[in-house]
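Engineer: First, the structure itself, so that you have it in front of you.
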Amino acid sequence: MSSKRSERRKHAGYGSKAGMSPGTMIFIGEQQVENARIDIIRYDVSTLSEMGDVSPDQCRDCSAAPGVTWINVNGIHNVALIESLGKHFDIHPLTLEDIVNTSQRPKVEEFPNYVYAVLKMMVYDEGADRLEIEHVSLIFGENYVISFQEHEGDVFDSVRERIRNAKGRIRSMKADFLAYALMDAAVDNYFLALERIGDRIENMDDRILAHPEPGDIQDVHHLKLEILSFRKAVWPLREEVGALEKSETVLIRPETRVFLRDLYDHIIQVIDMVETFRDILGGIHDTYLSSVSNRMNEIMKVLTIISTIFIPMTFIAGVYGMNFEHMPELKWPFGYYLAWAVMLMVAFSLLFFFKRRKWF
Amino acid sequence: MSSKRSERRKHAGYGSKAGMSPGTMIFIGEQQVENARIDIIRYDVSTLSEMGDVSPDQCRDCSAAPGVTWINVNGIHNVALIESLGKHFDIHPLTLEDIVNTSQRPKVEEFPNYVYAVLKMMVYDEGADRLEIEHVSLIFGENYVISFQEHEGDVFDSVRERIRNAKGRIRSMKADFLAYALMDAAVDNYFLALERIGDRIENMDDRILAHPEPGDIQDVHHLKLEILSFRKAVWPLREEVGALEKSETVLIRPETRVFLRDLYDHIIQVIDMVETFRDILGGIHDTYLSSVSNRMNEIMKVLTIISTIFIPMTFIAGVYGMNFEHMPELKWPFGYYLAWAVMLMVAFSLLFFFKRRKWF
Amino acid sequence: MSSKRSERRKHAGYGSKAGMSPGTMIFIGEQQVENARIDIIRYDVSTLSEMGDVSPDQCRDCSAAPGVTWINVNGIHNVALIESLGKHFDIHPLTLEDIVNTSQRPKVEEFPNYVYAVLKMMVYDEGADRLEIEHVSLIFGENYVISFQEHEGDVFDSVRERIRNAKGRIRSMKADFLAYALMDAAVDNYFLALERIGDRIENMDDRILAHPEPGDIQDVHHLKLEILSFRKAVWPLREEVGALEKSETVLIRPETRVFLRDLYDHIIQVIDMVETFRDILGGIHDTYLSSVSNRMNEIMKVLTIISTIFIPMTFIAGVYGMNFEHMPELKWPFGYYLAWAVMLMVAFSLLFFFKRRKWF
Amino acid sequence: MSSKRSERRKHAGYGSKAGMSPGTMIFIGEQQVENARIDIIRYDVSTLSEMGDVSPDQCRDCSAAPGVTWINVNGIHNVALIESLGKHFDIHPLTLEDIVNTSQRPKVEEFPNYVYAVLKMMVYDEGADRLEIEHVSLIFGENYVISFQEHEGDVFDSVRERIRNAKGRIRSMKADFLAYALMDAAVDNYFLALERIGDRIENMDDRILAHPEPGDIQDVHHLKLEILSFRKAVWPLREEVGALEKSETVLIRPETRVFLRDLYDHIIQVIDMVETFRDILGGIHDTYLSSVSNRMNEIMKVLTIISTIFIPMTFIAGVYGMNFEHMPELKWPFGYYLAWAVMLMVAFSLLFFFKRRKWF
Amino acid sequence: MSSKRSERRKHAGYGSKAGMSPGTMIFIGEQQVENARIDIIRYDVSTLSEMGDVSPDQCRDCSAAPGVTWINVNGIHNVALIESLGKHFDIHPLTLEDIVNTSQRPKVEEFPNYVYAVLKMMVYDEGADRLEIEHVSLIFGENYVISFQEHEGDVFDSVRERIRNAKGRIRSMKADFLAYALMDAAVDNYFLALERIGDRIENMDDRILAHPEPGDIQDVHHLKLEILSFRKAVWPLREEVGALEKSETVLIRPETRVFLRDLYDHIIQVIDMVETFRDILGGIHDTYLSSVSNRMNEIMKVLTIISTIFIPMTFIAGVYGMNFEHMPELKWPFGYYLAWAVMLMVAFSLLFFFKRRKWF
């Protein structure tokens with residue numbers, strides 16, 4: 001239920017925007033209480049500096065600074081903040097609109113002075129036992145990357161650590177590689193979310209096999225919708241990252257392209273897993289239906305067999321309950337026992353007949 | 001029912017056109033009683049003039065006037081009026097035919113002197129609780145836009161307001177941007193209609209879960225058909241707007257193209273939502289079937305259990321209703337109570353057996 | 001049944017052709033008794049002449065005559081006649097083979113000296129209540145059009161009238177426009193046939209909703225097959241007319257191309273309607289199944305409820321039909337009435353229980 | 001069963017080839033007892049010579065002989081024979097491997113000195129009542145055609161006759177036309193096989209409608225698989241013949257290309273028929289399921305109605321079988337007849353109630 | 001169950017990699033206990049040398065050695081070993097990452113100095129009765145091929161033998177042909193695995209036909225998933241090998257391309273077989289459902305028929321069990337026998353009625 005509702009809420013939000021001028025920034029999404037926060041990391045091969053919780057104006061001259069500057073913005077509900085950042089980096093109003101519109105689907109757009117990428121972050125909320133989809137935007141130019149997240153998250157921490165520890169090639173590469181590294185971190189995170197979904201599917205499979213219950217069919221459907229929303233978040237990425245790899249923009253250096261191809265590969269792998277999950281869920285659905293129907297059949301069969309055995313016996317009892325004056329059997333000394341014998345014989349014949357036909 | 005009928009009526013209308021010369025303007029659609037009405041707004045960055053309810057001849061020299069002229073025509077059933085407009089702006093007869101043909105599907109066509117776009121407006125009729133699809137045409141040239149609507153509607157009001165208030169960039173842009181803004185207003189309106197459909201789907205889902213009724217399956221199908229008609233109205237737009245963005249016509253300026261890409265994006269988002277609704281409806285359909293079948297199974301099971309418990313008891317009663325002369329039990333002082341005991345024992349054994357197997 | 005049979009008959013016909021030399025003209029289709037007949041209309045902007053029931057040899061010099069010559073052939077079973085026409089206009093043997101082969105699917109082929117188009121005419125046979133598919137071929141060169149029909153039909157009458165009355169632009173255009181006009185008349189006719197199918201679908205829907213009957217499922221399937229055959233007749237046209245519009249042949253003048261685009265549009269609209277009908281039929285199919293199953297469930301439920309109420313009562317009656325010597329209740333003065341009271345109480349408790357659970 | 005088994009046998013055969021060097025000729029297919037046999041026909045416009053049962057070495061100088069030489073090989077299990085032919089005509093080892101591999105799918109491959117085409121011949125085995133699929137290979141160069149068949153068949157007889165009788169254009173054309181004529185003969189033969197399948201489908205339809213039987217569902221599935229194997233044999237041809245028509249090889253003369261287009265057309269027609277059969281079979285499947293379910297419902301309904309009518313009557317009889325001392329009705333002179341009256345009234349009321357509700 | 005679990009385990013493994021620097025080599029797969037092992041074969045037309053269990057450093061100068069060097073690595077869990085090989089041959093870190101990542105899907109990537117191909121080896125594990133999927137990587141440059149396998153396997157043995165015995169053309173060709181030969185050996189092996197699956201499908205089909213059991217539906221689903229995983233392993237190969245054949249890399253010689261086309265052909269054949277298996281499984285699924293339902297229907301029908309026959313008889317016995325004082329039949333001398341006669345007559349009438357309607 002919940003995933004459908006939250007989906008609807010967002011659309012409602014979007015609908016409320018109808019009639020606005022294009023390029024109007026309206027935050028669409030669940031309202032946040034946290035403060036928005038900007039953090040800056042600036043590095044090159046040899047130097048590294050970090051600034052926490054800066055004001056937008058402190059970012060003004062970042063695009064001209066030497067080395068690579070990574071500006072991370074947590075909290076896209078602060079429209080004013082993002083607008084002022086947008087001015088400093090000469091971001092197109094439509095891009096700014098998309099940054100704060102959490103219902104924007106994944107895409108990559110090239111502008112003359114920057115590349116804009118929309119991603120969805122998949123976080124499995126263990127408490128609510130459902131997938132949270134977070135809207136993430138990346139903007140990168142010649143020597144800066146700006147990342148926008150809905151909440152403070154830890155998905156980008158691994159990249160932060162690699163920069164701090166000068167691990168791998170990241171410190172010796174440019175902004176395009178940092179952008180790639182962030183996208184890669186997000187996609188790597190998909191695998192974690194998929195694992196959790198995989199666990200749920202497996203639990204569901206085991207449970208439904210053991211004793212299927214009426215509500216299970218809905219659980220299967222909700223999981224299907226969750227996987228569909230996952231699919232919708234990943235599917236467009238495939239095409240977009242593929243296009244980025246082949247794009248002619250000078251903002252992406254040749255040595256980064258091979259990494260984009262690798263990212264593309266990972267995305268296809270995610271899609272493959274998602275499709276596999278869909279197939280498995282389809283199988284569980286069929287198993288459930290077949291299992292419910294088998295169980296029901298079993299019950300009805302046993303009940304009907306019981307009835308069918310007693311009905312002829314009752315008939316025989318009924319016969320000797322008749323009040324005819326001339327019923328010789330009634331006078332036989334062992335008539336009663338014979339009647340029992342006949343009744344039991346009938347019952348056992350039927351049982352034997354059913355058994356031989358493997359009806360139970 | 002209603003949506004299918006109205007669909008059919010339109011086709012009937014179209015069929016009646018068979019045998020006409022191509023380019024013959026025949027209004028196809030439900031007959032209107034309102035008068036057709038033309039309104040003109042002319043603006044540039046600094047000036048703005050409005051004229052209400054003008055005659056077609058007053059539009060004669062619009063294509064040569066300075067600034068941007070927006071001619072809005074409400075009521076496409078007035079064929080003569082549209083024909084005379086067509087002459088003033090040198091519109092191809094086939095275009096005029098499409099303007100008055102409400103069964104024309106969405107498309108964008110480029111002519112040497114203008115671009116012609118067909119859209120469908122989605123208005124959710126709260127009274128009839130169904131989607132009304134309105135046929136909207138847009139023609140734009142160098143410095144004019146002509147929009148044709150079936151009824152007076154308020155979808156374009158937001159654009160009108162933005163022009164009057166000089167809000168956003170609209171006053172400083174040309175006719176192509178106005179045409180884009182009108183298309184964008186229509187597409188934005190789709191989200192509102194989708195929200196209403198989403199509400200209906202959610203209500204339906206809740207209702208069906210609580211107690212499914214025989215007629216529900218048809219409601220689901222009618223909603224499916226409604227969503228299909230939505231889909232058919234939006235799907236062709238995708239390709240057409242995509243083509244327009246990449247088109248080589250000089251009537252679309254480079255600075256407008258990025259907005260068309262944004263419009264394209266919104267259309268894809270609408271399609272995504274429509275597909276999601278289709279998936280959810282598919283799930284509701286399955287839930288309904290499964291729910292009906294579960295309920296029925298439950299009823300039959302309980303009924304059969306009741307019968308199955310009483311049939312063996314009836315048999316025992318039948319046994320002691322037999323009239324054999326030698327039936328020792330009948331003479332036992334506690335025979336009757338024993339018989340009850342046996343019968344109850346049988347009943348409780350069966351109940352216990354069914355319970356243990358979790359049959360109820 | 002009938003539509004499948006007639007389909008098969010044609011294939012049988014085709015099969016009988018196996019082993020013939022390619023280009024061998026064998027009439028494939030239902031044998032006709034009418035005579036084949038050739039009619040000629042020749043016109044330009046100012047003049048018009050008609051000749052009825054001419055011999056093939058009278059067409060010999062048509063391709064060199066001034067103005068546009070339209071040769072209409074009714075009855076393609078006269079192979080000799082078509083062959084001699086073919087010689088006069090230098091038609092490729094394979095084209096002649098296709099003209100008389102009624103199982104040829106729609107296509108458009110360009111030859112150096114003419115363009116050949118195969119269409120299917122859809123005529124709804126009111127008597128047999130089914131769709132008749134007629135094979136129509138068009139050949140047009142620089143200044144002549146030859147149309148081949150299976151029977152005399154009235155679909156082209158509207159074009160004939162427009163030529164006679166010099167209505168629209170037809171008299172001022174060339175042979176390519178006449179060919180377009182004929183194709184357009186055929187496609188316009190599809191809408192009429194679709195309307196009739198739409199009526200049948202609606203009737204079927206209403207009937208099935210009111211009281212579904214076992215045979216309905218087959219009616220739905222036959223209608224589905226009919227729609228599929230419609231689809232197969234229209235679908236290839238789309239691609240072929242699209243290709244014709246973009247083709248480089250000099251036989252099609254630029255001013256005709258915009259009309260071909262319009263024709264293309266109409267074909268897509270026909271396909272859209274066909275797809276809608278498929279969806280509606282799918283819905284009717286589901287409704288039928290669900291309706292049959294609901295009805296059956298209802299019946300079985302009521303029957304089982306009746307049995308379930310009487311079985312416990314019968315048990316109680318059985319108890320007091322036992323012949324134990326010591327059954328105190330039997331001696332109670334109001335025992336009999338009490339027994340009735342208990343039995344009725346049991347019956348009403350069950351009824352109340354079933355009612356409260358909304359089982360009926 | 002049989003078709004699946006034979007499919008599997010071939011694969012088994014193929015599997016046994018795993019680990020061989022590519023280009024290794026291993027006959028894969030059912031082992032043949034007939035001897036392989038080579039027949040040669042050589043012709044040009046004016047001359048014709050035939051040689052029966054020649055040795056491979058007699059074909060050595062065929063590629064240089066004047067006119068067109070058609071070498072027909074019956075029996076591809078003779079690997080040595082085919083290998084020596086391959087040497088004379090300079091055939092690539094991979095082509096030779098494909099010639100003897102009956103599980104090779106249809107394809108057309110161009111080599112510098114020849115074109116290689118794989119076809120499947122469809123022969124309906126009247127005895128076994130199933131489709132036999134035969135592997136046929138064609139190789140044609142400048143002035144020779146080599147055809148390879150599994151068995152001696154009569155499909156190519158029609159071409160042979162046309163050559164002998166100098167019927168049609170075949171004697172005046174080159175090797176490419178002969179190759180086309182052979183392919184065309186094979187495709188024409190598909191129509192015959194489809195007719196037989198069509199007959200079986202119709203018989204099945206009639207039979208299932210009259211009285212569906214449990215085994216029918218499998219017959220439907222086997223027919224489906226047969227049609228699928230047909231489809232698989234034809235589908236790749238479409239693309240390959242389309243490619244051949246557009247290919248740039250000099251081995252195909254321009255005047256032959258229009259015939260290849262015609263062949264392409266026929267293949268599409270075969271595919272169309274195959275798809276139609278699939279749709280019809282789908283309909284039969286649904287009809288069967290619906291028919292079985294209707295029949296079962298009917299039976300259960302009637303049985304339950306009978307029980308439901310007698311159970312209340314039995315209850316009433318039970319009531320007056322009770323042994324209470326004070327049961328006034330028992331003493332009434334017409335009590336017994338009244339009881340019968342009440343019982344019959346109950347029965348007829350129920351019957352009337354069921355009838356009015358149209359339950360039977 | 002098992003196949004799903006093992007799939008999940010791998011993903012879990014992959015997920016654990018989230019947050020690593022791209023290019024980080026982490027072995028993903030089931031942990032191996034065997035030691036990794038490198039074997040080298042070096043050959044040209046006339047010479048051949050083999051070295052077993054060498055160290056990575058012994059491979060250092062292989063890329064410069066004359067002839068073709070084939071380095072086979074068994075055991076990709078030894079990351080250090082692969083890394084040092086990677087350095088010797090200048091392999092890109094992302095390639096090294098993919099070599100040890102067993103969840104990498106099949107692909108072919110061209111690098112300036114080598115071509116990298118990922119395959120899946122299909123080995124049917126007879127013990128566990130399920131398909132084992134092994135990750136295989138191939139790297140080939142100008143004159144060397146490196147193959148990486150998870151376990152020591154015998155799939156490549158056939159190639160090894162052909163090199164040793166100088167069988168076929170392998171010794172006279174270059175590294176590209178060796179790489180092709182290895183891929184071909186793997187694909188040939190697919191046919192063996194498919195045969196085993198085909199056997200299982202056939203067994204399943206026979207078993208389900210004979211007596212369907214509740215668990216069968218799951219077996220069908222597991223087989224479906226196995227076939228899907230097969231499909232996923234083969235499907236990407238099609239496109240990749242097709243691209244390789246048409247690629248412009250100089251590492252692939254023209255004479256090898258025709259073999260790649262043959263390989264492509266084999267892959268399509270594998271896909272065809274996989275699709276056929278899917279269709280057959282779909283048929284088995286339907287057969288199972290229909291068979292279970294038929295069996296259940298049969299049982300319920302017989303049980304209900306038995307009840308339906310005895311219920312009217314019981315009613316008649318009940319009637320003559322009534323205690324009315326005036327029941328003339330009770331005094332008739334042959335009343336009792338008449339009652340039996342009536343009861344039996346009723347029973348046989350019903351039986352006859354049911355029989356005539358072919359209800360059993």
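Starting from 1 in every chain, residues are counted up; chains themselves are A, B, ... following the order of the structure tokens, and ligands are numbered from 1 as listed.
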Do a neighbour search on region 123-126 of chain D at 6 Å with only C-alpha atoms, toss out local chain neighbours closer than 5 positions, and write the hits as a CSV table (one decimal) with N, CA and C atoms, in the first residue's frame.

Structural biologist:
```csv
chain,number,residue,atom,x,y,z
D,131,LEU,N,4.4,-33.2,-39.5
D,131,LEU,CA,5.3,-32.5,-40.4
D,131,LEU,C,6.7,-33.0,-40.4
D,132,GLU,N,7.2,-33.4,-41.6
D,132,GLU,CA,8.6,-33.7,-41.7
D,132,GLU,C,9.4,-32.5,-42.2
D,193,ALA,N,1.9,-27.7,-47.2
D,193,ALA,CA,2.0,-28.1,-45.8
D,193,ALA,C,1.1,-27.4,-44.9
```

Engineer: Can you list, as a PyMOL selection string, every residue of region 49-249 of chain B that DSSP puts in strand (DSSP E or B)?

Structural biologist: chain B and resi 49-54+68-74+101+107-110+115-125+130-140+144-149

Engineer: Do a neighbour search on Gln104 (chain B) at 9 Å with only C-alpha atoms, toss out local chain neighbours closer than 6 positions, and write the hits as JSON, numbers by chain.

Structural biologist: {"B": [98, 118, 135], "C": [265, 266, 269]}

Engineer: Pull out every residue of chain A sitting within 8 Å of chain B, counting only C-alpha atoms, and send them as a VMD selection string.

Structural biologist: chain A and resid 8 11 to 12 14 to 22 94 104 to 105 214 217 to 218 221 225 296 299 to 300 303 to 304 306 to 307 310 to 311 313 to 314 317 to 323 329 to 336

Engineer: Could you pull the residues within 9 Å of Glu213 (chain C), counting only C-alpha atoms, minus those fewer than 3 positions along the same chain, as a list in words?

Structural biologist: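 The filter keeps Ile208, Asp216, Ile217, Tyr288 and Val292 of chain C.
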
Engineer: Could those selected residues go to a file with all heavy atoms, as a PDB file, in the first residue's frame?

Structural biologist:
```
ATOM      1  N   ILE C 208     -23.649 -10.162 -23.261  1.00  0.00           N
ATOM      2  CA  ILE C 208     -22.870 -10.994 -22.346  1.00  0.00           C
ATOM      3  C   ILE C 208     -23.052 -10.527 -20.907  1.00  0.00           C
ATOM      4  O   ILE C 208     -23.113 -11.325 -19.978  1.00  0.00           O
ATOM      5  CB  ILE C 208     -21.381 -10.998 -22.766  1.00  0.00           C
ATOM      6  CG1 ILE C 208     -21.213 -11.914 -23.970  1.00  0.00           C
ATOM      7  CG2 ILE C 208     -20.493 -11.452 -21.623  1.00  0.00           C
ATOM      8  CD1 ILE C 208     -19.823 -11.944 -24.530  1.00  0.00           C
ATOM      9  N   ASP C 216     -20.921 -17.839 -26.214  1.00  0.00           N
ATOM     10  CA  ASP C 216     -20.414 -16.473 -26.385  1.00  0.00           C
ATOM     11  C   ASP C 216     -18.910 -16.427 -26.572  1.00  0.00           C
ATOM     12  O   ASP C 216     -18.392 -15.599 -27.306  1.00  0.00           O
ATOM     13  CB  ASP C 216     -20.799 -15.615 -25.171  1.00  0.00           C
ATOM     14  CG  ASP C 216     -22.294 -15.351 -25.126  1.00  0.00           C
ATOM     15  OD1 ASP C 216     -22.944 -15.528 -26.175  1.00  0.00           O
ATOM     16  OD2 ASP C 216     -22.802 -14.995 -24.064  1.00  0.00           O
ATOM     17  N   ILE C 217     -18.223 -17.313 -25.867  1.00  0.00           N
ATOM     18  CA  ILE C 217     -16.770 -17.266 -25.922  1.00  0.00           C
ATOM     19  C   ILE C 217     -16.284 -17.456 -27.364  1.00  0.00           C
ATOM     20  O   ILE C 217     -15.300 -16.856 -27.793  1.00  0.00           O
ATOM     21  CB  ILE C 217     -16.159 -18.324 -24.970  1.00  0.00           C
ATOM     22  CG1 ILE C 217     -14.724 -17.950 -24.656  1.00  0.00           C
ATOM     23  CG2 ILE C 217     -16.230 -19.720 -25.536  1.00  0.00           C
ATOM     24  CD1 ILE C 217     -14.654 -16.908 -23.598  1.00  0.00           C
ATOM     25  N   TYR C 288     -16.756 -11.905 -19.600  1.00  0.00           N
ATOM     26  CA  TYR C 288     -17.522 -13.128 -19.804  1.00  0.00           C
ATOM     27  C   TYR C 288     -17.094 -14.214 -18.825  1.00  0.00           C
ATOM     28  O   TYR C 288     -17.909 -14.823 -18.125  1.00  0.00           O
ATOM     29  CB  TYR C 288     -17.363 -13.627 -21.242  1.00  0.00           C
ATOM     30  CG  TYR C 288     -17.869 -15.024 -21.425  1.00  0.00           C
ATOM     31  CD1 TYR C 288     -19.229 -15.275 -21.542  1.00  0.00           C
ATOM     32  CD2 TYR C 288     -16.998 -16.108 -21.442  1.00  0.00           C
ATOM     33  CE1 TYR C 288     -19.701 -16.558 -21.675  1.00  0.00           C
ATOM     34  CE2 TYR C 288     -17.476 -17.398 -21.573  1.00  0.00           C
ATOM     35  CZ  TYR C 288     -18.825 -17.626 -21.689  1.00  0.00           C
ATOM     36  OH  TYR C 288     -19.287 -18.899 -21.797  1.00  0.00           O
ATOM     37  N   VAL C 292     -19.491 -15.670 -15.999  1.00  0.00           N
ATOM     38  CA  VAL C 292     -19.868 -17.083 -15.947  1.00  0.00           C
ATOM     39  C   VAL C 292     -19.495 -17.683 -14.598  1.00  0.00           C
ATOM     40  O   VAL C 292     -20.280 -18.395 -13.967  1.00  0.00           O
ATOM     41  CB  VAL C 292     -19.164 -17.869 -17.084  1.00  0.00           C
ATOM     42  CG1 VAL C 292     -19.120 -19.344 -16.768  1.00  0.00           C
ATOM     43  CG2 VAL C 292     -19.877 -17.632 -18.397  1.00  0.00           C
TER      44      VAL C 292
END
```

Engineer: In Å, with one decimal, what is the gap from CA of Gly52 (chain B) to CA of Gly23 (chain B)?

Structural biologist: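 CA of Gly52 (chain B) sits 29.6 Å away from CA of Gly23 (chain B).
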
Engineer: When DSSP works through the backbone of this structure, what residues of region 130-325 of chain D end up as alpha helix (DSSP H), shown as a PyMOL selection string?

Structural biologist: chain D and resi 157-164+175-210+216-246+254-319

Engineer: What is the distance between CA of Glu245 (chain B) and CA of Leu260 (chain B), in Å to one decimal?

Structural biologist: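 Interatomic distance, CA of Glu245 (chain B) to CA of Leu260 (chain B): 5.8 Å.
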
Engineer: Env of Arg257 (chain E): 12 Å cut, atoms = only C-alpha atoms, seq-sep filter 6 positions within chain, self excluded. Answer as a CSV table (one decimal) with N, CA and C atoms, in the first residue's frame.

Structural biologist:
```csv
chain,number,residue,atom,x,y,z
D,94,LEU,N,33.4,-24.6,-44.0
D,94,LEU,CA,32.3,-24.3,-43.1
D,94,LEU,C,31.0,-24.5,-43.8
E,176,ASP,N,44.1,-15.1,-33.0
E,176,ASP,CA,42.7,-14.8,-33.1
E,176,ASP,C,41.9,-16.1,-33.3
E,177,PHE,N,42.5,-17.0,-34.1
E,177,PHE,CA,41.8,-18.3,-34.4
E,177,PHE,C,41.8,-19.2,-33.2
E,179,ALA,N,41.6,-18.1,-30.1
E,179,ALA,CA,40.6,-17.5,-29.3
E,179,ALA,C,39.2,-18.0,-29.8
E,180,TYR,N,39.0,-17.9,-31.1
E,180,TYR,CA,37.8,-18.4,-31.7
E,180,TYR,C,37.5,-19.8,-31.4
E,241,VAL,N,29.4,-11.2,-30.4
E,241,VAL,CA,30.2,-11.9,-31.4
E,241,VAL,C,29.8,-11.3,-32.8
E,242,GLY,N,28.6,-11.0,-33.0
E,242,GLY,CA,28.2,-10.3,-34.2
E,242,GLY,C,29.0,-9.0,-34.4
E,243,ALA,N,29.2,-8.2,-33.3
E,243,ALA,CA,30.0,-7.0,-33.4
E,243,ALA,C,31.4,-7.3,-33.6
E,244,LEU,N,31.9,-8.4,-33.0
E,244,LEU,CA,33.3,-8.7,-33.2
E,244,LEU,C,33.6,-9.1,-34.6
E,245,GLU,N,32.7,-9.8,-35.3
E,245,GLU,CA,32.9,-10.2,-36.7
E,245,GLU,C,33.0,-9.0,-37.5
E,246,LYS,N,32.2,-7.9,-37.2
E,246,LYS,CA,32.2,-6.7,-38.1
E,246,LYS,C,33.2,-5.7,-37.6
E,247,SER,N,33.9,-6.0,-36.4
E,247,SER,CA,34.8,-5.0,-35.8
E,247,SER,C,35.9,-4.7,-36.7
E,248,GLU,N,36.5,-3.5,-36.5
E,248,GLU,CA,37.6,-3.1,-37.3
E,248,GLU,C,39.0,-3.3,-36.7
E,249,THR,N,39.0,-4.0,-35.6
E,249,THR,CA,40.3,-4.3,-35.0
E,249,THR,C,41.2,-5.1,-35.9
E,250,VAL,N,42.5,-4.8,-35.9
E,250,VAL,CA,43.5,-5.5,-36.7
E,250,VAL,C,43.8,-6.8,-36.0
E,251,LEU,N,43.4,-7.0,-34.8
E,251,LEU,CA,43.7,-8.2,-34.1
E,251,LEU,C,43.0,-9.5,-34.7
E,263,LEU,N,30.4,-19.1,-35.8
E,263,LEU,CA,30.2,-19.1,-34.3
E,263,LEU,C,28.9,-18.4,-34.0
E,264,TYR,N,28.7,-17.3,-34.6
E,264,TYR,CA,27.5,-16.5,-34.5
E,264,TYR,C,26.3,-17.3,-34.8
```

Engineer: What does the structure give for the distance between CA of Ala36 (chain B) and CA of Ile99 (chain B), in Å to one decimal?

Structural biologist: 13.9 Å
